[in-house]
file work02.txt (compact mmCIF, C-alpha atoms)
# COMPACT_ATOMS: atom_id res chain seq x y z
CA MET A 1 86.49 79.28 62.51
CA ASN A 2 86.51 79.03 58.69
CA GLY A 3 84.89 82.41 58.11
CA ILE A 4 86.93 84.37 60.64
CA PRO A 5 89.54 86.56 59.00
CA GLY A 6 93.11 86.32 60.25
CA TYR A 7 93.79 89.79 61.59
CA PRO A 8 91.22 89.79 64.44
CA ILE A 9 92.72 86.49 65.58
CA VAL A 10 96.17 88.08 65.57
CA VAL A 11 94.91 91.10 67.55
CA LEU A 12 93.27 88.92 70.20
CA ALA A 13 96.24 86.54 70.59
CA PRO A 14 97.86 88.36 73.57
CA VAL A 15 94.54 88.30 75.43
CA ALA A 16 94.24 84.57 74.72
CA GLY A 17 97.77 84.17 76.08
CA LEU A 18 96.89 86.10 79.22
CA LEU A 19 93.78 83.99 79.83
CA ALA A 20 95.86 80.84 79.35
CA TYR A 21 98.43 82.22 81.84
CA TRP A 22 95.70 82.97 84.36
CA PHE A 23 93.93 79.60 84.17
CA SER A 24 97.07 77.47 84.00
CA GLN A 25 98.71 79.38 86.88
CA MET A 26 95.57 78.85 88.99
CA ALA A 27 95.38 75.17 88.12
CA ILE A 28 99.09 74.59 88.86
CA ALA A 29 98.94 76.52 92.14
CA ARG A 30 95.88 74.58 93.31
CA GLY A 31 97.34 71.30 92.10
CA LEU A 32 100.64 71.81 93.93
CA PRO A 33 99.79 73.45 97.28
CA GLY A 34 102.80 74.13 99.45
CA ARG A 35 105.15 74.69 96.51
CA SER A 36 106.71 78.09 95.96
CA PRO A 37 104.11 80.40 94.39
CA TYR A 38 106.67 81.35 91.76
CA ALA A 39 106.61 77.81 90.36
CA SER A 40 103.02 78.25 89.20
CA LEU A 41 103.74 81.77 87.98
CA SER A 42 106.71 80.75 85.84
CA ARG A 43 105.02 77.67 84.39
CA GLY A 44 101.81 79.57 83.76
CA PHE A 45 103.79 82.26 81.97
CA MET A 46 105.27 79.67 79.61
CA VAL A 47 101.84 78.18 78.88
CA GLY A 48 100.45 81.64 78.12
CA MET A 49 103.40 82.45 75.90
CA LEU A 50 102.91 79.25 73.90
CA VAL A 51 99.18 79.96 73.49
CA MET A 52 99.91 83.52 72.38
CA ILE A 53 102.45 82.31 69.81
CA GLY A 54 100.10 79.61 68.60
CA VAL A 55 97.11 81.91 68.18
CA THR A 56 99.28 84.55 66.50
CA ALA A 57 100.57 81.93 64.05
CA LEU A 58 97.00 80.75 63.41
CA GLY A 59 95.92 84.30 62.60
CA LEU A 60 98.94 85.01 60.42
CA GLY A 61 98.25 81.83 58.50
CA ARG A 62 94.86 83.22 57.46
CA LEU A 63 96.23 86.65 56.66
CA GLU A 64 97.82 87.74 53.44
CA SER A 65 100.64 89.90 54.70
CA THR A 66 104.24 90.63 53.87
CA TRP A 67 107.02 89.10 55.95
CA SER A 68 107.72 92.54 57.33
CA ASP A 69 104.13 93.01 58.51
CA ALA A 70 103.97 89.48 59.92
CA ALA A 71 107.18 90.10 61.88
CA GLY A 72 105.77 93.40 63.13
CA PHE A 73 102.52 91.75 64.29
CA GLY A 74 104.47 88.98 65.99
CA LEU A 75 106.74 91.43 67.79
CA LEU A 76 103.83 93.61 68.84
CA ASN A 77 101.96 90.60 70.21
CA GLY A 78 105.04 89.37 72.05
CA LEU A 79 105.54 92.74 73.74
CA THR A 80 101.82 93.07 74.54
CA TYR A 81 101.80 89.62 76.12
CA LEU A 82 104.92 90.41 78.17
CA ALA A 83 103.28 93.61 79.46
CA LEU A 84 100.04 91.81 80.35
CA ALA A 85 101.94 88.92 81.97
CA PHE A 86 104.03 91.38 84.00
CA GLY A 87 100.85 92.96 85.31
CA TYR A 88 99.35 89.58 86.21
CA PHE A 89 102.57 88.42 87.87
CA ASN A 90 102.64 91.52 90.06
CA PHE A 91 98.95 91.16 90.94
CA VAL A 92 99.55 87.61 92.20
CA ASN A 93 102.83 88.64 93.83
CA LEU A 94 100.94 91.12 96.00
CA THR A 95 99.25 88.21 97.73
CA VAL A 96 102.71 86.70 98.36
CA ALA A 97 104.94 89.61 99.25
CA SER A 98 102.94 92.74 100.07
CA LEU A 99 103.02 93.75 103.73
CA ARG A 100 100.16 96.17 103.20
CA ILE A 101 97.90 93.45 101.79
CA ARG A 102 98.85 91.21 104.72
CA LEU A 103 97.86 93.92 107.21
CA LEU A 104 94.58 94.59 105.40
CA GLU A 105 93.79 90.87 105.57
CA GLU A 106 94.53 90.81 109.31
CA VAL A 107 92.07 93.68 109.85
CA LEU A 108 89.48 91.98 107.63
CA GLU A 109 89.78 88.70 109.55
CA ALA A 110 89.31 90.57 112.81
CA GLY A 111 85.90 91.71 111.58
CA GLY A 112 86.96 94.95 109.90
CA GLY A 113 88.57 96.74 112.83
CA LEU A 114 91.68 96.43 115.03
CA SER A 115 93.75 98.68 117.23
CA ALA A 116 97.27 99.43 116.00
CA GLU A 117 98.68 97.38 118.91
CA GLU A 118 96.49 94.39 118.11
CA LEU A 119 97.45 94.71 114.45
CA ALA A 120 101.16 94.67 115.31
CA ALA A 121 100.61 91.58 117.49
CA ALA A 122 98.53 89.82 114.82
CA TYR A 123 101.08 90.71 112.16
CA ASN A 124 103.85 89.06 114.14
CA ALA A 125 106.78 90.80 112.48
CA ASP A 126 109.21 88.12 113.71
CA SER A 127 107.61 85.32 111.74
CA VAL A 128 107.10 87.48 108.65
CA ALA A 129 110.76 88.55 108.62
CA GLY A 130 111.69 84.87 108.79
CA LEU A 131 109.16 84.08 106.07
CA ARG A 132 110.73 86.64 103.76
CA LEU A 133 114.25 85.33 104.34
CA ASP A 134 113.07 81.74 103.79
CA ARG A 135 111.51 82.83 100.51
CA LEU A 136 114.80 84.37 99.39
CA VAL A 137 116.68 81.20 100.36
CA ARG A 138 114.14 78.91 98.64
CA GLY A 139 114.40 81.02 95.50
CA GLY A 140 118.18 80.64 95.52
CA HIS A 141 118.83 84.39 95.90
CA LEU A 142 120.44 83.75 99.28
CA VAL A 143 122.48 80.69 100.21
CA GLU A 144 123.14 79.49 103.75
CA ARG A 145 126.82 78.69 104.45
CA HIS A 146 128.21 77.90 107.91
CA GLY A 147 125.25 79.58 109.55
CA ARG A 148 125.50 82.77 107.50
CA LEU A 149 123.64 83.96 104.43
CA VAL A 150 125.52 84.91 101.26
CA ILE A 151 124.39 85.97 97.82
CA GLY A 152 123.25 83.09 95.61
CA ARG A 153 121.72 83.82 92.23
CA ARG A 154 122.67 87.26 91.00
CA ARG A 155 119.60 87.99 88.89
CA PHE A 156 117.68 89.75 91.68
CA MET A 157 120.75 91.96 92.32
CA ILE A 158 120.97 92.78 88.63
CA VAL A 159 117.29 93.75 88.70
CA ALA A 160 117.97 95.92 91.79
CA ARG A 161 120.79 97.76 90.00
CA ILE A 162 118.58 98.31 86.92
CA PHE A 163 115.81 99.69 89.13
CA ASP A 164 118.27 101.99 90.91
CA PHE A 165 119.33 103.38 87.51
CA LEU A 166 115.72 103.78 86.35
CA HIS A 167 114.85 105.55 89.60
CA TRP A 168 117.65 108.03 88.96
CA PHE A 169 116.73 108.47 85.28
CA ILE A 170 112.96 108.83 85.65
CA ILE A 171 112.41 110.21 89.12
CA GLY A 172 115.80 111.79 89.66
CA CYS A 173 118.14 111.76 92.61
CA GLY A 174 117.20 113.83 95.63
CA HIS A 175 113.53 112.90 95.38
CA PRO A 176 112.72 110.98 98.55
CA ARG A 177 111.47 107.43 98.21
CA LYS A 178 108.05 107.07 99.74
CA HIS A 179 107.22 104.17 101.98
CA ASP A 180 104.55 101.70 101.09
CA MET B 1 105.79 96.74 60.36
CA ARG B 2 103.68 99.93 60.10
CA VAL B 3 101.32 98.98 62.94
CA PHE B 4 104.27 97.93 65.13
CA LEU B 5 106.10 101.22 64.52
CA ILE B 6 103.01 103.33 65.23
CA ALA B 7 102.43 101.42 68.51
CA MET B 8 106.07 101.89 69.55
CA ALA B 9 106.00 105.59 68.62
CA LEU B 10 102.87 106.28 70.67
CA SER B 11 104.19 104.54 73.76
CA ALA B 12 107.58 106.21 73.41
CA ALA B 13 105.82 109.57 73.08
CA GLY B 14 103.82 108.87 76.24
CA PHE B 15 107.00 108.07 78.14
CA ALA B 16 108.79 111.13 76.74
CA VAL B 17 105.97 113.48 77.77
CA GLN B 18 105.89 111.97 81.26
CA TRP B 19 109.68 112.19 81.60
CA ALA B 20 109.66 115.84 80.50
CA TRP B 21 106.85 116.64 82.96
CA TRP B 22 108.84 115.04 85.80
CA ARG B 23 111.88 117.19 84.93
CA ILE B 24 109.75 120.29 85.49
CA ARG B 25 107.93 119.10 88.59
CA ILE B 26 106.98 115.73 90.01
CA PRO B 27 103.23 115.73 90.65
CA LYS B 28 101.76 114.63 93.98
CA ARG B 29 99.55 111.96 92.45
CA GLN B 30 102.12 110.30 90.25
CA THR B 31 100.14 107.22 89.23
CA ALA B 32 97.15 109.31 88.13
CA ALA B 33 99.48 111.62 86.23
CA ILE B 34 101.12 108.72 84.39
CA LEU B 35 97.75 107.23 83.44
CA ALA B 36 96.45 110.61 82.27
CA THR B 37 99.60 111.32 80.24
CA PHE B 38 99.63 107.99 78.43
CA THR B 39 95.89 108.11 77.78
CA LEU B 40 95.99 111.62 76.35
CA VAL B 41 98.96 110.75 74.14
CA LEU B 42 97.11 107.68 72.87
CA LEU B 43 93.98 109.69 72.08
CA ALA B 44 95.98 112.42 70.35
CA GLY B 45 97.93 109.81 68.41
CA LEU B 46 94.78 108.06 67.23
CA VAL B 47 93.32 111.34 66.06
CA VAL B 48 96.48 111.97 64.04
CA THR B 49 96.85 108.45 62.62
CA ALA B 50 93.34 107.05 62.29
CA GLY B 51 89.95 107.97 60.88
CA PRO B 52 88.83 110.25 58.06
CA ARG B 53 90.58 113.35 59.45
CA ALA B 54 93.95 111.69 60.00
CA ILE B 55 96.82 114.04 59.16
CA ALA B 56 99.68 111.57 59.39
CA PRO B 57 101.44 110.57 56.13
CA PRO B 58 100.04 107.32 54.61
CA ALA B 59 102.97 105.25 55.92
CA TRP B 60 101.94 106.27 59.45
CA ARG B 61 98.18 105.71 59.22
CA LEU B 62 96.02 103.07 60.83
CA GLU B 63 93.69 101.68 58.20
CA SER B 64 91.05 99.74 60.12
CA MET B 65 89.36 99.43 63.50
CA TRP B 66 91.33 96.23 64.16
CA GLU B 67 94.60 98.08 63.64
CA VAL B 68 93.40 100.75 66.09
CA LEU B 69 92.55 98.00 68.58
CA HIS B 70 95.92 96.33 68.05
CA VAL B 71 97.80 99.55 68.82
CA THR B 72 95.47 100.46 71.70
CA GLY B 73 95.84 97.00 73.23
CA PHE B 74 99.61 97.31 73.30
CA HIS B 75 99.51 100.91 74.57
CA VAL B 76 97.16 100.12 77.46
CA ALA B 77 99.11 96.98 78.43
CA ALA B 78 102.40 98.89 78.33
CA MET B 79 100.91 101.80 80.31
CA LEU B 80 99.64 99.52 83.07
CA ALA B 81 102.93 97.59 83.20
CA TYR B 82 104.79 100.89 83.49
CA VAL B 83 102.55 102.02 86.36
CA VAL B 84 103.31 98.75 88.17
CA ALA B 85 107.04 99.06 87.51
CA TYR B 86 106.98 102.72 88.55
CA SER B 87 105.66 101.85 92.01
CA ALA B 88 108.71 99.59 92.42
CA LEU B 89 110.98 102.42 91.29
CA GLU B 90 109.57 104.76 93.92
CA GLU B 91 110.66 102.54 96.74
CA ARG B 92 113.14 99.72 97.01
CA SER B 93 111.44 96.58 98.27
CA PRO B 94 112.57 95.10 101.62
CA SER B 95 113.86 92.02 99.76
CA MET B 96 116.09 94.16 97.55
CA THR B 97 117.36 96.02 100.61
CA ILE B 98 118.30 92.68 102.18
CA LEU B 99 120.07 91.43 99.06
CA SER B 100 122.01 94.70 98.70
CA ARG B 101 123.13 94.46 102.33
CA VAL B 102 124.25 90.85 101.89
CA ALA B 103 125.99 91.68 98.61
CA THR B 104 128.11 94.39 100.28
CA SER B 105 129.32 91.91 102.90
CA GLY B 106 130.95 89.72 100.25
CA PRO B 107 131.88 86.09 101.04
CA ASP B 108 131.43 86.65 104.82
CA GLY B 109 127.71 87.12 104.36
CA ARG B 110 125.34 88.15 107.16
CA SER B 111 123.70 86.26 110.00
CA ARG B 112 119.99 85.53 109.99
CA ASP B 113 119.45 87.55 113.16
CA GLU B 114 121.07 90.62 111.63
CA LEU B 115 118.96 90.36 108.49
CA GLU B 116 115.73 89.79 110.44
CA SER B 117 116.50 92.89 112.54
CA LEU B 118 117.10 94.86 109.35
CA LEU B 119 113.81 93.61 107.88
CA LYS B 120 111.94 94.72 110.98
CA ARG B 121 113.60 98.15 110.73
CA VAL B 122 112.76 98.72 107.03
CA SER B 123 109.28 97.22 107.20
CA PRO B 124 107.81 98.40 110.47
CA VAL B 125 104.09 98.08 110.88
CA ASP B 126 103.61 101.76 111.77
CA ILE B 127 104.93 102.93 108.39
CA ARG B 128 102.47 100.63 106.62
CA ILE B 129 99.62 101.80 108.83
CA ALA B 130 100.45 105.45 108.08
CA ALA B 131 100.43 104.64 104.35
CA MET B 132 97.09 102.84 104.64
CA LEU B 133 95.58 105.84 106.45
CA ARG B 134 97.00 108.22 103.85
CA ASP B 135 95.59 106.15 100.97
CA GLY B 136 92.14 105.78 102.51
CA MET B 137 92.31 102.01 103.04
CA VAL B 138 91.60 102.36 106.77
CA ARG B 139 90.41 105.17 108.98
CA ASP B 140 91.33 105.87 112.58
CA GLU B 141 88.37 105.84 114.97
CA GLY B 142 89.82 106.78 118.34
CA GLY B 143 92.88 104.55 118.02
CA HIS B 144 90.91 101.78 116.36
CA LEU B 145 91.74 101.08 112.71
CA VAL B 146 88.65 100.38 110.65
CA LEU B 147 88.57 99.26 107.03
CA THR B 148 87.02 101.76 104.64
CA ALA B 149 84.94 100.52 101.72
CA LYS B 150 88.05 100.76 99.53
CA GLY B 151 90.18 98.85 102.05
CA HIS B 152 87.43 96.26 102.45
CA ALA B 153 87.29 95.73 98.69
CA TRP B 154 91.07 95.33 98.36
CA ALA B 155 91.35 93.06 101.39
CA GLY B 156 88.44 90.91 100.26
CA LEU B 157 89.73 90.61 96.71
CA PHE B 158 93.25 89.59 97.66
CA SER B 159 92.13 87.31 100.48
CA ALA B 160 89.75 85.45 98.17
CA TRP B 161 92.40 85.27 95.44
CA ARG B 162 95.02 83.93 97.83
CA ARG B 163 92.68 81.24 99.13
CA LEU B 164 91.69 80.31 95.58
CA LEU B 165 95.37 79.75 94.78
CA LYS B 166 95.89 77.89 98.10
CA PHE B 167 98.72 80.24 99.06
CA GLY B 168 99.61 80.86 102.67
CA LYS B 169 99.52 84.37 104.10
CA GLY B 170 102.13 86.61 102.59
CA GLY B 171 104.11 89.66 103.66

call {"tool": "encode", "arguments": {"input": "work02.txt", "output": "structure tokens"}}
result
Amino acid sequence: MNGIPGYPIVVLAPVAGLLAYWFSQMAIARGLPGRSPYASLSRGFMVGMLVMIGVTALGLGRLESTWSDAAGFGLLNGLTYLALAFGYFNFVNLTVASLRIRLLEEVLEAGGGLSAEELAAAYNADSVAGLRLDRLVRGGHLVERHGRLVIGRRRFMIVARIFDFLHWFIIGCGHPRKHD
Amino acid sequence: MRVFLIAMALSAAGFAVQWAWWRIRIPKRQTAAILATFTLVLLAGLVVTAGPRAIAPPAWRLESMWEVLHVTGFHVAAMLAYVVAYSALEERSPSMTILSRVATSGPDGRSRDELESLLKRVSPVDIRIAAMLRDGMVRDEGGHLVLTAKGHAWAGLFSAWRRLLKFGKGG
């Protein structure tokens, strides 16, 4: 490592963070089967973030740069890591929450072909609806009180409101939402 | 700070061009259009800011290949994250629909049965099947749905990944 200049290390830090996220998330998920998948995703994210910060600091330590440049590199790496981590999170989340992926898996397990009726039966919408509600309760977004479900943590609602605004701003009102 | 500002400017320019395009007309293949827009803006930006023919003022120039890679790395990561976020903007997820419905009911909340019925209404299998046919994941052979090569690849990838992580089936 002695001969390696600092800037390449800084540039590669977000990728190092992403790799750390990937491997630690996998290890945690496999080590704690049955736990919520989001436990491994959140812990893995923190591990990746720490690795990214550490590698960035290592690179900056070898670099002769102004405080302003160092701050800029750090910010850029932080944002790059967040973008990469967001992509990874959503990739893993497809295996958890995507109905389309679930249906594709059902067809695959049936040998690559199924009638629509068989697919609907294999999909078992009743259990999946229950699964989704259980996930929302386990995550604290819904709370069960006297046999009814009420809003728990507000962060998902806040995200929903932000997405509604972004839909209006970017796509515009009046444009129909497509179904997945 | 120079490299950071150039990276931010290029990504902001990509978003601005895409936003302006959408004001004129929303393209049919929105994901492809977003990727093309951001890529073209990046290439144009690198021509302006990097290399021997760069025309940007010195304070806005990239001075080495590593600086180009640094900016490109951020731009590509941001572009891909935006594409992912955009797909969530296009359609509200069933979970968000549920939470919005519960939120409007205030402290009285909703019953499980009501919410499960709502979930079945907003996430019916036939809508997903139509989307899979439209996107070339499956084809219809006389009422029988068969995985295409693309569908096979996606299903295999996610199935293997899910089993590697020891997750149960999702949906």

call {"tool": "residues_around", "arguments": {"input": "work02.txt", "residues": "Leu46 (chain B)", "least_positions_apart": "2", "cutoff": "10 Å", "atoms": "all atoms listed in the file", "output": "VMD selection string"}}
result
chain B and resid 6 10 40 to 44 48 to 51 54 56 61 to 62 68 71 to 72

call {"tool": "atom_distance", "arguments": {"input": "work02.txt", "atom1": "CA of Thr95 (chain A)", "atom2": "CA of Ser42 (chain A)"}}
result
15.9 Å

call {"tool": "atom_distance", "arguments": {"input": "work02.txt", "atom1": "CA of Gly130 (chain A)", "atom2": "CA of Asp108 (chain B)"}}
result
20.2 Å

call {"tool": "closest_residue", "arguments": {"input": "work02.txt", "among": "A:Ser36, A:Ser115, A:Asn77, A:Asn90", "to": "chain B", "atoms": "only C-alpha atoms"}}
result
A:Ser115

call {"tool": "closest_residue", "arguments": {"input": "work02.txt", "among": "A:Gly112, A:Tyr7, A:Leu32, A:Arg102", "to": "Lys150 (chain B)", "atoms": "all atoms listed in the file"}}
result
A:Gly112

call {"tool": "closest_residue", "arguments": {"input": "work02.txt", "among": "A:Ala85, A:Leu50, A:Ala39, A:Ala29", "to": "chain B", "atoms": "all atoms listed in the file"}}
result
A:Ala29

call {"tool": "residues_around", "arguments": {"input": "work02.txt", "residues": "region 79-90 of chain B", "least_positions_apart": "4", "cutoff": "10 Å", "atoms": "only C-alpha atoms", "output": "compact mmCIF listing (two decimals) with C-alpha atoms, keeping the file's coordinate frame"}}
result
# COMPACT_ATOMS: atom_id res chain seq x y z
CA THR A 80 101.82 93.07 74.54
CA LEU A 82 104.92 90.41 78.17
CA ALA A 83 103.28 93.61 79.46
CA LEU A 84 100.04 91.81 80.35
CA ALA A 85 101.94 88.92 81.97
CA PHE A 86 104.03 91.38 84.00
CA GLY A 87 100.85 92.96 85.31
CA TYR A 88 99.35 89.58 86.21
CA ASN A 90 102.64 91.52 90.06
CA PHE A 91 98.95 91.16 90.94
CA ALA A 160 117.97 95.92 91.79
CA ILE A 162 118.58 98.31 86.92
CA PHE A 163 115.81 99.69 89.13
CA ASP A 164 118.27 101.99 90.91
CA PHE A 165 119.33 103.38 87.51
CA LEU A 166 115.72 103.78 86.35
CA HIS A 167 114.85 105.55 89.60
CA TRP A 168 117.65 108.03 88.96
CA ILE A 170 112.96 108.83 85.65
CA ILE A 171 112.41 110.21 89.12
CA HIS A 175 113.53 112.90 95.38
CA PRO A 176 112.72 110.98 98.55
CA ARG A 177 111.47 107.43 98.21
CA LYS A 178 108.05 107.07 99.74
CA HIS A 179 107.22 104.17 101.98
CA ASP A 180 104.55 101.70 101.09
CA SER B 11 104.19 104.54 73.76
CA GLY B 14 103.82 108.87 76.24
CA PHE B 15 107.00 108.07 78.14
CA GLN B 30 102.12 110.30 90.25
CA THR B 31 100.14 107.22 89.23
CA ALA B 32 97.15 109.31 88.13
CA ILE B 34 101.12 108.72 84.39
CA LEU B 35 97.75 107.23 83.44
CA THR B 37 99.60 111.32 80.24
CA PHE B 38 99.63 107.99 78.43
CA THR B 39 95.89 108.11 77.78
CA GLY B 73 95.84 97.00 73.23
CA PHE B 74 99.61 97.31 73.30
CA HIS B 75 99.51 100.91 74.57

call {"tool": "residues_around", "arguments": {"input": "work02.txt", "residues": "Thr56 (chain A)", "least_positions_apart": "4", "cutoff": "7 Å", "atoms": "all atoms listed in the file", "output": "list in words"}}
result
Ile9, Val10, Ala13, Met52, Leu60 and Gly74 of chain A

call {"tool": "atom_distance", "arguments": {"input": "work02.txt", "atom1": "CA of Glu117 (chain A)", "atom2": "CA of Phe167 (chain B)"}}
result
26.2 Å

call {"tool": "closest_residue", "arguments": {"input": "work02.txt", "among": "B:Thr104, B:Ser111, B:Ser117, B:Thr97", "to": "chain A", "atoms": "all atoms listed in the file"}}
result
B:Ser111

call {"tool": "closest_residue", "arguments": {"input": "work02.txt", "among": "A:Thr66, A:Ser40, A:Asn93, A:Ser98", "to": "Ala27 (chain A)", "atoms": "only C-alpha atoms"}}
result
A:Ser40

call {"tool": "residues_around", "arguments": {"input": "work02.txt", "residues": "Gly142 (chain B)", "least_positions_apart": "5", "cutoff": "12 Å", "atoms": "all atoms listed in the file", "output": "compact mmCIF listing (two decimals) with C-alpha atoms, keeping the file's coordinate frame"}}
result
# COMPACT_ATOMS: atom_id res chain seq x y z
CA GLY A 113 88.57 96.74 112.83
CA LEU A 114 91.68 96.43 115.03
CA SER A 115 93.75 98.68 117.23
CA ALA A 116 97.27 99.43 116.00

call {"tool": "axis_aligned_box", "arguments": {"input": "work02.txt", "around": "region 146-165 of chain B", "padding_each_side": "8 Å", "output": "lines of an AutoDock Vina configuration file"}}
result
center_x = 90.2
center_y = 90.8
center_z = 102.7
size_x = 26.4
size_y = 38.0
size_z = 31.9

call {"tool": "build_atoms", "arguments": {"input": "work02.txt", "residues": "region 137-149 of chain A", "atoms": "N, CA and C atoms", "output": "short mmCIF file (atom, residue, chain, number, x, y, z; two decimals), in the coordinates of the input"}}
result
data_model
loop_
_atom_site.label_atom_id
_atom_site.label_comp_id
_atom_site.auth_asym_id
_atom_site.auth_seq_id
_atom_site.Cartn_x
_atom_site.Cartn_y
_atom_site.Cartn_z
N VAL A 137 115.81 82.38 100.38
CA VAL A 137 116.68 81.20 100.36
C VAL A 137 116.11 80.14 99.41
N ARG A 138 114.77 79.92 99.51
CA ARG A 138 114.14 78.91 98.64
C ARG A 138 114.30 79.27 97.17
N GLY A 139 114.27 80.58 96.89
CA GLY A 139 114.40 81.02 95.50
C GLY A 139 115.84 81.01 95.02
N GLY A 140 116.78 80.71 95.91
CA GLY A 140 118.18 80.64 95.52
C GLY A 140 118.88 82.00 95.50
N HIS A 141 118.20 83.07 95.92
CA HIS A 141 118.83 84.39 95.90
C HIS A 141 119.81 84.53 97.07
N LEU A 142 119.51 83.83 98.15
CA LEU A 142 120.44 83.75 99.28
C LEU A 142 120.78 82.28 99.51
N VAL A 143 122.03 82.05 99.94
CA VAL A 143 122.48 80.69 100.21
C VAL A 143 123.04 80.65 101.63
N GLU A 144 122.66 79.60 102.37
CA GLU A 144 123.14 79.49 103.75
C GLU A 144 124.46 78.72 103.77
N ARG A 145 125.50 79.36 104.35
CA ARG A 145 126.82 78.69 104.45
C ARG A 145 127.38 78.92 105.84
N HIS A 146 127.62 77.84 106.56
CA HIS A 146 128.21 77.90 107.91
C HIS A 146 127.41 78.88 108.79
N GLY A 147 126.10 78.78 108.70
CA GLY A 147 125.25 79.58 109.55
C GLY A 147 125.09 81.03 109.12
N ARG A 148 125.64 81.39 107.99
CA ARG A 148 125.50 82.77 107.50
C ARG A 148 124.90 82.74 106.09
N LEU A 149 124.29 83.87 105.73
CA LEU A 149 123.64 83.96 104.43
C LEU A 149 124.50 84.78 103.47
#
